[in-house]
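Printed here is start38.txt (compact mmCIF, C-alpha atoms):
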```
# COMPACT_ATOMS: atom_id res chain seq x y z
CA MET A 1420 -35.52 -7.53 -4.42
CA ALA A 1421 -32.20 -6.05 -3.60
CA ASP A 1422 -31.72 -2.73 -1.88
CA PRO A 1423 -31.63 0.40 -4.03
CA MET A 1424 -28.38 1.63 -5.52
CA ARG A 1425 -26.88 4.88 -4.41
CA ILE A 1426 -26.15 6.89 -7.52
CA ARG A 1427 -24.62 10.32 -7.70
CA ALA A 1428 -24.44 12.16 -11.01
CA VAL A 1429 -22.65 15.49 -10.92
CA LEU A 1430 -22.11 17.94 -13.75
CA GLN A 1431 -18.44 18.83 -14.16
CA GLY A 1432 -17.92 21.32 -16.96
CA ASP A 1433 -19.19 19.62 -20.11
CA SER A 1434 -19.14 16.15 -18.58
CA THR A 1435 -21.15 14.22 -16.05
CA GLU A 1436 -19.39 12.23 -13.37
CA VAL A 1437 -21.32 9.21 -12.14
CA ARG A 1438 -20.61 7.28 -8.96
CA VAL A 1439 -22.64 4.17 -8.19
CA LEU A 1440 -22.75 2.02 -5.10
CA MET A 1441 -24.76 -1.17 -5.49
CA SER A 1442 -26.00 -3.39 -2.73
CA HIS A 1443 -25.05 -6.99 -3.52
CA GLU A 1444 -23.37 -9.92 -1.77
CA MET A 1445 -21.10 -10.77 -4.72
CA GLU A 1446 -20.61 -14.30 -3.40
CA THR A 1447 -17.70 -15.92 -5.23
CA GLY A 1448 -18.73 -19.57 -5.11
CA GLN A 1449 -15.28 -20.31 -3.63
CA ARG A 1450 -16.20 -19.98 0.02
CA LYS A 1451 -17.49 -22.71 2.33
CA ASP A 1452 -19.91 -22.38 5.20
CA ALA A 1453 -19.40 -23.78 8.72
CA GLN A 1454 -20.53 -27.25 7.57
CA GLY A 1455 -17.96 -27.26 4.79
CA LYS A 1456 -20.56 -26.82 2.08
CA VAL A 1457 -19.69 -24.53 -0.79
CA ILE A 1458 -21.72 -21.33 -0.74
CA PRO A 1459 -23.07 -20.99 -4.29
CA ALA A 1460 -21.86 -18.12 -6.42
CA TRP A 1461 -24.17 -15.14 -6.48
CA PHE A 1462 -22.95 -12.04 -8.23
CA ILE A 1463 -23.86 -9.25 -10.62
CA GLN A 1464 -23.04 -10.18 -14.21
CA ASN A 1465 -24.22 -7.23 -16.27
CA VAL A 1466 -24.38 -3.53 -15.59
CA THR A 1467 -25.68 -0.89 -17.98
CA ALA A 1468 -25.76 2.86 -17.54
CA THR A 1469 -27.90 4.99 -19.82
CA TRP A 1470 -28.43 8.70 -20.26
CA ASN A 1471 -31.03 10.15 -22.67
CA GLY A 1472 -31.60 6.69 -24.10
CA LYS A 1473 -27.91 6.26 -24.90
CA THR A 1474 -25.69 3.67 -23.24
CA VAL A 1475 -22.84 5.48 -21.51
CA LEU A 1476 -21.26 2.43 -19.88
CA ALA A 1477 -21.78 -1.32 -20.11
CA ALA A 1478 -19.99 -3.87 -17.99
CA GLU A 1479 -19.65 -7.62 -17.56
CA TRP A 1480 -18.54 -8.73 -14.14
CA GLY A 1481 -17.25 -11.87 -12.54
CA PRO A 1482 -17.44 -12.73 -8.87
CA ALA A 1483 -14.08 -10.98 -8.27
CA VAL A 1484 -15.79 -7.62 -8.13
CA ALA A 1485 -15.96 -6.63 -4.46
CA LYS A 1486 -19.09 -6.98 -2.34
CA ASN A 1487 -21.43 -3.97 -2.63
CA PRO A 1488 -19.81 -2.95 -5.92
CA PHE A 1489 -18.66 0.56 -6.61
CA VAL A 1490 -18.09 2.13 -10.02
CA SER A 1491 -17.22 5.63 -11.01
CA PHE A 1492 -17.01 6.94 -14.58
CA LYS A 1493 -17.52 10.08 -16.60
CA PHE A 1494 -19.25 10.84 -19.90
CA LYS A 1495 -19.44 13.89 -22.15
CA GLY A 1496 -22.73 15.75 -22.00
CA GLY A 1497 -25.51 15.94 -19.49
CA ALA A 1498 -27.52 18.79 -18.05
CA VAL A 1499 -28.90 19.51 -14.61
CA GLY A 1500 -32.20 17.68 -14.17
CA GLU A 1501 -31.51 14.95 -16.74
CA LYS A 1502 -31.54 11.35 -15.59
CA VAL A 1503 -28.83 8.73 -15.47
CA THR A 1504 -30.25 5.21 -15.18
CA ILE A 1505 -28.33 2.16 -14.01
CA THR A 1506 -29.48 -1.44 -14.35
CA TRP A 1507 -27.80 -4.58 -13.08
CA THR A 1508 -28.62 -8.25 -13.57
CA ASP A 1509 -27.15 -11.02 -11.43
CA ASN A 1510 -26.54 -14.71 -12.11
CA ARG A 1511 -29.86 -15.65 -10.49
CA GLY A 1512 -31.70 -13.42 -12.93
CA ASP A 1513 -32.44 -10.76 -10.33
CA LYS A 1514 -32.55 -7.29 -11.74
CA ARG A 1515 -32.56 -3.80 -10.32
CA THR A 1516 -32.87 -0.42 -12.01
CA ASP A 1517 -32.36 2.93 -10.32
CA ALA A 1518 -31.97 6.45 -11.59
CA ALA A 1519 -30.36 9.64 -10.40
CA THR A 1520 -30.84 13.21 -11.51
CA ILE A 1521 -27.79 15.10 -12.71
CA ALA A 1522 -26.95 17.84 -10.21
CA LEU A 1523 -24.46 20.66 -9.86
CA PRO A 1524 -21.41 19.95 -7.68
CA ALA A 1525 -22.16 20.52 -4.02
CA MET B 130 -70.23 -24.05 -35.99
CA ASN B 131 -66.69 -24.92 -36.79
CA THR B 132 -64.74 -24.11 -33.66
CA LYS B 133 -61.52 -25.54 -35.05
CA ARG B 134 -61.37 -22.69 -37.47
CA ARG B 135 -61.32 -20.22 -34.57
CA ASP B 136 -58.52 -22.15 -32.89
CA VAL B 137 -56.44 -22.20 -35.99
CA LEU B 138 -56.91 -18.49 -36.44
CA ARG B 139 -56.00 -17.79 -32.84
CA THR B 140 -52.92 -20.01 -32.86
CA GLY B 141 -51.90 -18.64 -36.19
CA SER B 142 -52.10 -15.04 -35.12
CA SER B 143 -50.29 -15.61 -31.85
CA ILE B 144 -47.42 -17.28 -33.68
CA THR B 145 -47.23 -14.31 -36.00
CA LEU B 146 -47.19 -11.98 -33.06
CA MET B 147 -44.43 -13.89 -31.30
CA THR B 148 -42.38 -13.87 -34.48
CA LEU B 149 -42.83 -10.14 -34.77
CA VAL B 150 -41.92 -9.59 -31.13
CA ALA B 151 -38.83 -11.73 -31.49
CA ALA B 152 -37.86 -10.04 -34.73
CA ALA B 153 -38.19 -6.64 -33.12
CA GLY B 154 -35.80 -7.77 -30.42
CA TRP B 155 -38.29 -7.29 -27.61
CA LEU B 156 -38.00 -10.85 -26.54
CA ARG B 157 -34.49 -12.09 -26.35
CA PRO B 158 -34.30 -15.66 -25.12
CA GLY B 159 -32.54 -15.97 -21.78
CA GLU B 160 -32.40 -12.24 -21.32
CA ALA B 161 -33.30 -12.53 -17.66
CA LEU B 162 -30.23 -14.68 -17.15
CA ALA B 163 -27.71 -12.25 -18.53
CA ALA B 164 -27.77 -12.77 -22.25
CA ASP B 165 -24.55 -10.90 -22.86
CA TRP B 166 -22.36 -12.50 -20.25
CA ASN B 167 -19.21 -14.09 -21.62
CA LYS B 168 -19.15 -17.20 -19.42
CA ALA B 169 -16.02 -18.66 -21.00
CA ALA B 170 -13.98 -15.53 -20.39
CA PHE B 171 -14.78 -15.57 -16.69
CA GLU B 172 -13.68 -19.19 -16.27
CA THR B 173 -10.12 -18.93 -17.51
CA ASN B 174 -6.98 -18.73 -15.43
CA SER B 175 -4.31 -17.55 -17.79
CA MET B 176 -3.80 -14.38 -19.77
CA ASP B 177 -3.70 -16.30 -23.07
CA ALA B 178 -6.94 -18.16 -22.41
CA THR B 179 -8.69 -15.03 -21.19
CA MET B 180 -7.65 -13.07 -24.25
CA LYS B 181 -8.82 -15.91 -26.48
CA ALA B 182 -12.21 -16.04 -24.74
CA LEU B 183 -12.54 -12.28 -25.14
CA GLY B 184 -11.88 -12.72 -28.83
CA GLY B 185 -8.54 -10.96 -28.78
CA SER B 186 -4.89 -11.69 -29.33
CA ALA B 187 -1.88 -11.28 -27.05
CA PRO B 188 -1.92 -7.67 -25.86
CA ALA B 189 1.00 -5.32 -26.38
CA GLN B 190 2.58 -3.64 -23.35
CA SER B 191 1.53 -0.02 -23.18
CA LYS B 192 2.67 2.95 -21.15
CA ASP B 193 -0.54 4.74 -22.07
CA ILE B 194 -2.53 2.72 -19.55
CA THR B 195 -2.21 4.03 -16.03
CA PHE B 196 -3.60 3.06 -12.66
CA PHE B 197 -5.01 5.61 -10.24
CA GLN B 198 -6.39 5.29 -6.72
CA THR B 199 -4.84 1.83 -6.73
CA PRO B 200 -2.79 0.88 -3.67
CA ASP B 201 0.61 -0.88 -3.69
CA ILE B 202 -0.39 -2.64 -0.50
CA ALA B 203 -4.00 -3.50 0.24
CA GLU B 204 -4.89 -4.24 3.83
CA ASN B 205 -8.07 -6.04 2.88
CA GLY B 206 -8.07 -8.23 -0.23
CA ALA B 207 -11.88 -8.25 -0.23
CA LEU B 208 -11.97 -4.56 -1.08
CA VAL B 209 -9.21 -3.30 -3.33
CA PRO B 210 -9.84 -0.05 -5.20
CA VAL B 211 -8.61 -0.09 -8.80
CA GLY B 212 -8.75 2.84 -11.17
CA VAL B 213 -7.68 2.57 -14.80
CA THR B 214 -7.14 5.32 -17.35
CA SER B 215 -6.36 4.66 -20.98
CA ALA B 216 -4.75 7.40 -23.04
CA ILE B 217 -4.95 5.22 -26.16
CA PRO B 218 -7.19 6.80 -28.81
CA LYS B 219 -10.41 4.96 -29.67
CA THR B 220 -10.45 2.94 -26.47
CA GLU B 221 -13.43 0.58 -26.75
CA SER B 222 -13.16 -1.45 -23.58
CA ILE B 223 -11.18 -1.85 -20.38
CA ALA B 224 -10.83 -5.23 -18.68
CA ILE B 225 -9.39 -5.85 -15.24
CA LEU B 226 -7.56 -9.13 -14.63
CA VAL B 227 -6.06 -10.55 -11.45
CA GLU B 228 -3.27 -13.03 -12.10
CA LYS B 229 -3.58 -15.13 -8.96
CA ASN B 230 -7.34 -15.19 -8.47
CA PRO B 231 -9.09 -18.53 -9.14
CA ASN B 232 -10.33 -16.99 -12.41
CA MET B 233 -8.30 -14.18 -13.86
CA LEU B 234 -10.96 -11.93 -15.32
CA ALA B 235 -12.66 -9.66 -12.80
CA ALA B 236 -14.54 -7.20 -14.98
CA VAL B 237 -14.91 -5.88 -18.52
CA PHE B 238 -16.18 -2.37 -19.15
CA ASP B 239 -17.37 -1.28 -22.59
CA ILE B 240 -16.59 2.35 -23.20
CA PRO B 241 -18.94 3.86 -25.79
CA PRO B 242 -17.82 6.97 -27.68
CA GLY B 243 -18.38 10.00 -25.44
CA THR B 244 -17.47 8.17 -22.25
CA ASP B 245 -14.05 8.84 -20.73
CA PRO B 246 -11.70 5.84 -20.99
CA SER B 247 -11.13 6.17 -17.27
CA LEU B 248 -13.01 4.47 -14.48
CA SER B 249 -12.62 3.06 -11.04
CA THR B 250 -14.12 0.15 -9.17
CA ARG B 251 -13.33 -2.21 -6.30
CA ILE B 252 -12.26 -5.81 -6.71
CA LYS B 253 -11.26 -8.83 -4.64
CA LEU B 254 -7.77 -10.27 -4.49
CA GLY B 255 -7.34 -13.76 -3.04
CA GLN B 256 -3.67 -13.02 -2.40
CA SER B 257 -0.88 -10.67 -3.44
CA SER B 258 -0.93 -10.58 -7.22
CA ASN B 259 -0.27 -8.75 -10.41
CA VAL B 260 -3.31 -6.86 -11.60
CA PHE B 261 -3.61 -6.20 -15.32
CA ALA B 262 -5.63 -3.69 -17.24
CA VAL B 263 -6.31 -4.84 -20.79
CA VAL B 264 -7.49 -2.13 -23.15
CA LYS B 265 -9.09 -2.72 -26.52
CA ALA B 266 -8.60 0.25 -28.78
CA ASP B 267 -9.36 0.41 -32.49
CA GLY B 268 -9.54 -3.39 -32.56
CA LYS B 269 -6.11 -3.88 -30.97
CA TYR B 270 -5.26 -5.00 -27.46
CA TYR B 271 -2.90 -3.35 -24.98
CA VAL B 272 -1.94 -4.21 -21.41
CA ALA B 273 -0.37 -2.69 -18.33
CA GLY B 274 0.19 -4.37 -15.00
CA LYS B 275 0.73 -3.48 -11.38
CA GLU B 276 1.59 -5.60 -8.38
CA ILE B 277 -0.69 -5.28 -5.37
CA LYS B 278 0.36 -6.83 -2.08
CA VAL B 279 -2.43 -8.09 0.12
CA THR B 280 -2.04 -8.46 3.85
CA LEU B 281 -5.43 -10.18 4.32
CA GLY B 282 -6.92 -12.45 1.62
CA GLY B 283 -10.18 -11.65 -0.11
CA CYS B 284 -11.70 -15.09 -0.20
CA GLY B 285 -12.94 -15.06 3.35
CA GLY B 286 -10.32 -17.55 4.63
```

Show me the file's structure as structure tokens.
Amino acid sequence: MADPMRIRAVLQGDSTEVRVLMSHEMETGQRKDAQGKVIPAWFIQNVTATWNGKTVLAAEWGPAVAKNPFVSFKFKGGAVGEKVTITWTDNRGDKRTDAATIALPA
Amino acid sequence: MNTKRRDVLRTGSSITLMTLVAAAGWLRPGEALAADWNKAAFETNSMDATMKALGGSAPAQSKDITFFQTPDIAENGALVPVGVTSAIPKTESIAILVEKNPNMLAAVFDIPPGTDPSLSTRIKLGQSSNVFAVVKADGKYYVAGKEIKVTLGGCGG
């Protein structure tokens, strides 16, 4: 199981700004190890963000997304205390879901 | 006692249940292995082929797509911040493409109504390259590009 994501969801006026940092190798499948063997690709393929049961962002990724991927986006709505949930699935079928509570700006 | 009858009943009911589960969409085959991942689109290496795999046509140049927090020169190709904003109404998705990477397509983001057509992420660049943002809006495709120079490649060389 991969390490938890770091998610920050901050209320900004009538919108919620979400910043996510995931913990993942994002191995491209292009690199070789010291013995000259190709290191197999291992990367997050699908990401979904939901709020109140509604999808607020969905993504498909290739291995060109940087290691320990970062995404920031904003959606209309949200209230302090509500949850934003992020799920990713990688090409090995590993899955991770984490949630953050919407907060006021610090 | 006729045990066969029990078996038939059991098998019969479990088939019915599976059908119901499948029909309700609870059990999507291959879901664990990313059911909605467009494999073909991530294996192309030209704009035309990528657009075709995404189900689109040649995108029109647009000044309504802008980059933010995106450097002209990236010191480390393994970690290049890219931010894209689309001012095109009814933006449905934003894709990020890197011309000189082994496969052009880096990421596709679906933007549901209510979500700002503006987001940022970090990508890898194997070498200095044009980076394109392809926006789908109201069924049409638009593109804007930006050159990013890399002083250290992103493929771990």

Between A:Phe1462, A:Lys1473, A:Ala1428, A:Pro1423, which one has atoms that come closest to Arg1511 in chain A, using only C-alpha atoms?
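Answer, going by the shortest atom-to-atom distance: A:Phe1462.
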
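Using only C-alpha atoms, the smallest distance between any of B:Lys181, B:Lys253, B:Lys275, B:Lys269 and chain A comes from B:Lys253.
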
Separation of CA of Asp245 in chain B from CA of Val213 in chain B in Å
10.7 Å

Using all atoms listed in the file, find all polymer residues with an atom at most 6 Å away from the point (-17.7, -9.2, -14.6); report them as a PyMOL selection string.
(chain A and resi 1464+1479-1481) or (chain B and resi 235-237)

What residues in chain A have any atom no more than 7 Å from chain B when counting all atoms listed in the file, and can you write them as number ranges by chain?
A: 1450, 1464-1465, 1475-1485, 1488-1495, 1508, 1510-1512

So the first atom is CA of Thr220 in chain B and the second is CA of Tyr271 in chain B; what is the distance between them in Å, to one decimal place?
9.9 Å

Residue neighbourhood Glu1501 in chain A, 12 Å, only C-alpha atoms, exclusion window fewer than 2 positions, as a ChimeraX atom specification:
/A:1428-1430,1435,1469-1472,1496-1499,1503-1504,1518-1523

Gap from CA of Glu1446 in chain A to CA of Thr179 in chain B - Å, one decimal
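It comes out at 21.4 Å.
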
Long-range neighbours of Leu281 in chain B as a compact mmCIF listing (two decimals) with C-alpha atoms, in the coordinates of the input, 8 Å cut-off, only C-alpha atoms, 5 positions minimum in chain:
```txt
# COMPACT_ATOMS: atom_id res chain seq x y z
CA ALA B 203 -4.00 -3.50 0.24
CA GLU B 204 -4.89 -4.24 3.83
CA ASN B 205 -8.07 -6.04 2.88
CA GLY B 206 -8.07 -8.23 -0.23
CA GLN B 256 -3.67 -13.02 -2.40
```

Can you take the partial range 219-236 of chain B, add N, CA and C atoms, and return it as a PDB file, keeping the file's coordinate frame?
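Final output, saved to rebuild06.pdb:
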```
ATOM      1  N   LYS B 219      -9.381   5.927 -29.288  1.00  0.00           N
ATOM      2  CA  LYS B 219     -10.410   4.960 -29.670  1.00  0.00           C
ATOM      3  C   LYS B 219     -10.480   3.767 -28.722  1.00  0.00           C
ATOM      4  N   THR B 220     -10.303   4.018 -27.432  1.00  0.00           N
ATOM      5  CA  THR B 220     -10.450   2.940 -26.470  1.00  0.00           C
ATOM      6  C   THR B 220     -11.904   2.466 -26.455  1.00  0.00           C
ATOM      7  N   GLU B 221     -12.080   1.157 -26.652  1.00  0.00           N
ATOM      8  CA  GLU B 221     -13.430   0.580 -26.750  1.00  0.00           C
ATOM      9  C   GLU B 221     -13.826  -0.146 -25.470  1.00  0.00           C
ATOM     10  N   SER B 222     -12.823  -0.750 -24.810  1.00  0.00           N
ATOM     11  CA  SER B 222     -13.160  -1.450 -23.580  1.00  0.00           C
ATOM     12  C   SER B 222     -11.950  -1.550 -22.666  1.00  0.00           C
ATOM     13  N   ILE B 223     -12.229  -1.681 -21.380  1.00  0.00           N
ATOM     14  CA  ILE B 223     -11.180  -1.850 -20.380  1.00  0.00           C
ATOM     15  C   ILE B 223     -11.540  -3.089 -19.562  1.00  0.00           C
ATOM     16  N   ALA B 224     -10.608  -4.039 -19.495  1.00  0.00           N
ATOM     17  CA  ALA B 224     -10.830  -5.230 -18.680  1.00  0.00           C
ATOM     18  C   ALA B 224      -9.834  -5.247 -17.531  1.00  0.00           C
ATOM     19  N   ILE B 225     -10.274  -5.755 -16.394  1.00  0.00           N
ATOM     20  CA  ILE B 225      -9.390  -5.850 -15.240  1.00  0.00           C
ATOM     21  C   ILE B 225      -9.176  -7.330 -14.922  1.00  0.00           C
ATOM     22  N   LEU B 226      -7.907  -7.739 -14.863  1.00  0.00           N
ATOM     23  CA  LEU B 226      -7.560  -9.130 -14.630  1.00  0.00           C
ATOM     24  C   LEU B 226      -6.665  -9.253 -13.402  1.00  0.00           C
ATOM     25  N   VAL B 227      -6.882 -10.295 -12.618  1.00  0.00           N
ATOM     26  CA  VAL B 227      -6.060 -10.550 -11.450  1.00  0.00           C
ATOM     27  C   VAL B 227      -5.370 -11.885 -11.648  1.00  0.00           C
ATOM     28  N   GLU B 228      -4.027 -11.843 -11.725  1.00  0.00           N
ATOM     29  CA  GLU B 228      -3.270 -13.030 -12.100  1.00  0.00           C
ATOM     30  C   GLU B 228      -3.512 -14.214 -11.177  1.00  0.00           C
ATOM     31  N   LYS B 229      -3.542 -13.983  -9.875  1.00  0.00           N
ATOM     32  CA  LYS B 229      -3.580 -15.130  -8.960  1.00  0.00           C
ATOM     33  C   LYS B 229      -4.965 -15.427  -8.381  1.00  0.00           C
ATOM     34  N   ASN B 230      -5.997 -14.800  -8.891  1.00  0.00           N
ATOM     35  CA  ASN B 230      -7.340 -15.190  -8.470  1.00  0.00           C
ATOM     36  C   ASN B 230      -7.712 -16.518  -9.129  1.00  0.00           C
ATOM     37  N   PRO B 231      -8.695 -17.239  -8.551  1.00  0.00           N
ATOM     38  CA  PRO B 231      -9.090 -18.530  -9.140  1.00  0.00           C
ATOM     39  C   PRO B 231      -9.441 -18.398 -10.634  1.00  0.00           C
ATOM     40  N   ASN B 232     -10.108 -17.321 -11.001  1.00  0.00           N
ATOM     41  CA  ASN B 232     -10.330 -16.990 -12.410  1.00  0.00           C
ATOM     42  C   ASN B 232      -9.785 -15.592 -12.625  1.00  0.00           C
ATOM     43  N   MET B 233      -9.040 -15.433 -13.702  1.00  0.00           N
ATOM     44  CA  MET B 233      -8.300 -14.180 -13.860  1.00  0.00           C
ATOM     45  C   MET B 233      -9.169 -12.947 -14.073  1.00  0.00           C
ATOM     46  N   LEU B 234     -10.190 -13.106 -14.914  1.00  0.00           N
ATOM     47  CA  LEU B 234     -10.960 -11.930 -15.320  1.00  0.00           C
ATOM     48  C   LEU B 234     -11.881 -11.471 -14.187  1.00  0.00           C
ATOM     49  N   ALA B 235     -11.773 -10.205 -13.834  1.00  0.00           N
ATOM     50  CA  ALA B 235     -12.660  -9.660 -12.800  1.00  0.00           C
ATOM     51  C   ALA B 235     -13.806  -8.879 -13.420  1.00  0.00           C
ATOM     52  N   ALA B 236     -13.496  -8.054 -14.406  1.00  0.00           N
ATOM     53  CA  ALA B 236     -14.540  -7.200 -14.980  1.00  0.00           C
ATOM     54  C   ALA B 236     -14.125  -6.709 -16.364  1.00  0.00           C
TER      55      ALA B 236
END
```
